[in-house]
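Visitor: Got a structure for you, written out below as structure tokens; questions coming shortly.
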Amino acid sequence: MDSQLQRVFVASGEVEAQQVRAFLEAAGIETAERGEALRKTHGLTVDGLGAVDILVSEADAAQAREMLASADAGAFRLGDDAEPSEAGLNVPNVPNVPNDSNDSNDSNDSNDPNDPNVT
């Protein structure tokens, strides 16, 4: 990472900082963080205590800010009924496999006389 770092985001705690860092790093932007030690020792995130600066190289700062602004505007948000493929996500096709965790070959718990699995 370049020696010249720029702050592109101020997170209000460790969890938000890790989410933002993961988002940027997934896009190939290296990140660093700087902030209050109290957030790690005491978990404080009140009134600026526990704030975490997200830093990127000067060369990546404009792209990082643009991505964060797009995310804040909802550009990456999925609808409640959106399929991953509609969002441009590459998800492997996994066949539906019945859940056999409650089934056993030794016994049958079904009391349904119409159940074809009743022996």
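All residue names refer to the structure tokens as shown: chains lettered A, B, ... in order, residues numbered from 1 in each chain, ligands numbered from 1 in order.
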Write out as a list in words which residues come within 10 Å of stretch 4-6 of chain A when counting only C-alpha atoms, dropping same-chain ones fewer than 4 positions away.

Guide: Thr31, Ala32, Asp53, Ile54, Leu55, Val56, Ser57, Glu58, Ala59, Asp60, Ala61 and Ala62 of chain A

Visitor: Would you put the residues from that selection into a file with C-alpha atoms, as an mmCIF file, in the first residue's frame?

Guide:
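Heads up, here's the output in again37.cif:
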```
data_model
loop_
_atom_site.group_PDB
_atom_site.id
_atom_site.type_symbol
_atom_site.label_atom_id
_atom_site.label_comp_id
_atom_site.auth_asym_id
_atom_site.auth_seq_id
_atom_site.Cartn_x
_atom_site.Cartn_y
_atom_site.Cartn_z
ATOM 1 C CA THR A 31 -7.454 -0.920 3.247
ATOM 2 C CA ALA A 32 -6.065 -0.036 6.634
ATOM 3 C CA ASP A 53 -11.033 5.618 10.079
ATOM 4 C CA ILE A 54 -10.917 3.477 6.940
ATOM 5 C CA LEU A 55 -7.816 4.367 4.953
ATOM 6 C CA VAL A 56 -6.843 3.549 1.381
ATOM 7 C CA SER A 57 -3.933 4.512 -0.828
ATOM 8 C CA GLU A 58 -4.109 7.868 -2.538
ATOM 9 C CA ALA A 59 -4.330 6.060 -5.904
ATOM 10 C CA ASP A 60 -7.468 4.136 -4.819
ATOM 11 C CA ALA A 61 -9.201 6.906 -2.881
ATOM 12 C CA ALA A 62 -11.446 8.196 -5.692
#
```

Visitor: Record the distance separating atom CA of A:Ala11 and atom CA of A:Glu25, expressed in Å with one decimal.

Guide: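 Those two atoms sit 15.7 Å apart.
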
Visitor: Residues at most 10 Å from A:Val15, counting only C-alpha atoms, excluding those fewer than 5 positions away in the same chain, as a count of residues only?

Guide: 3
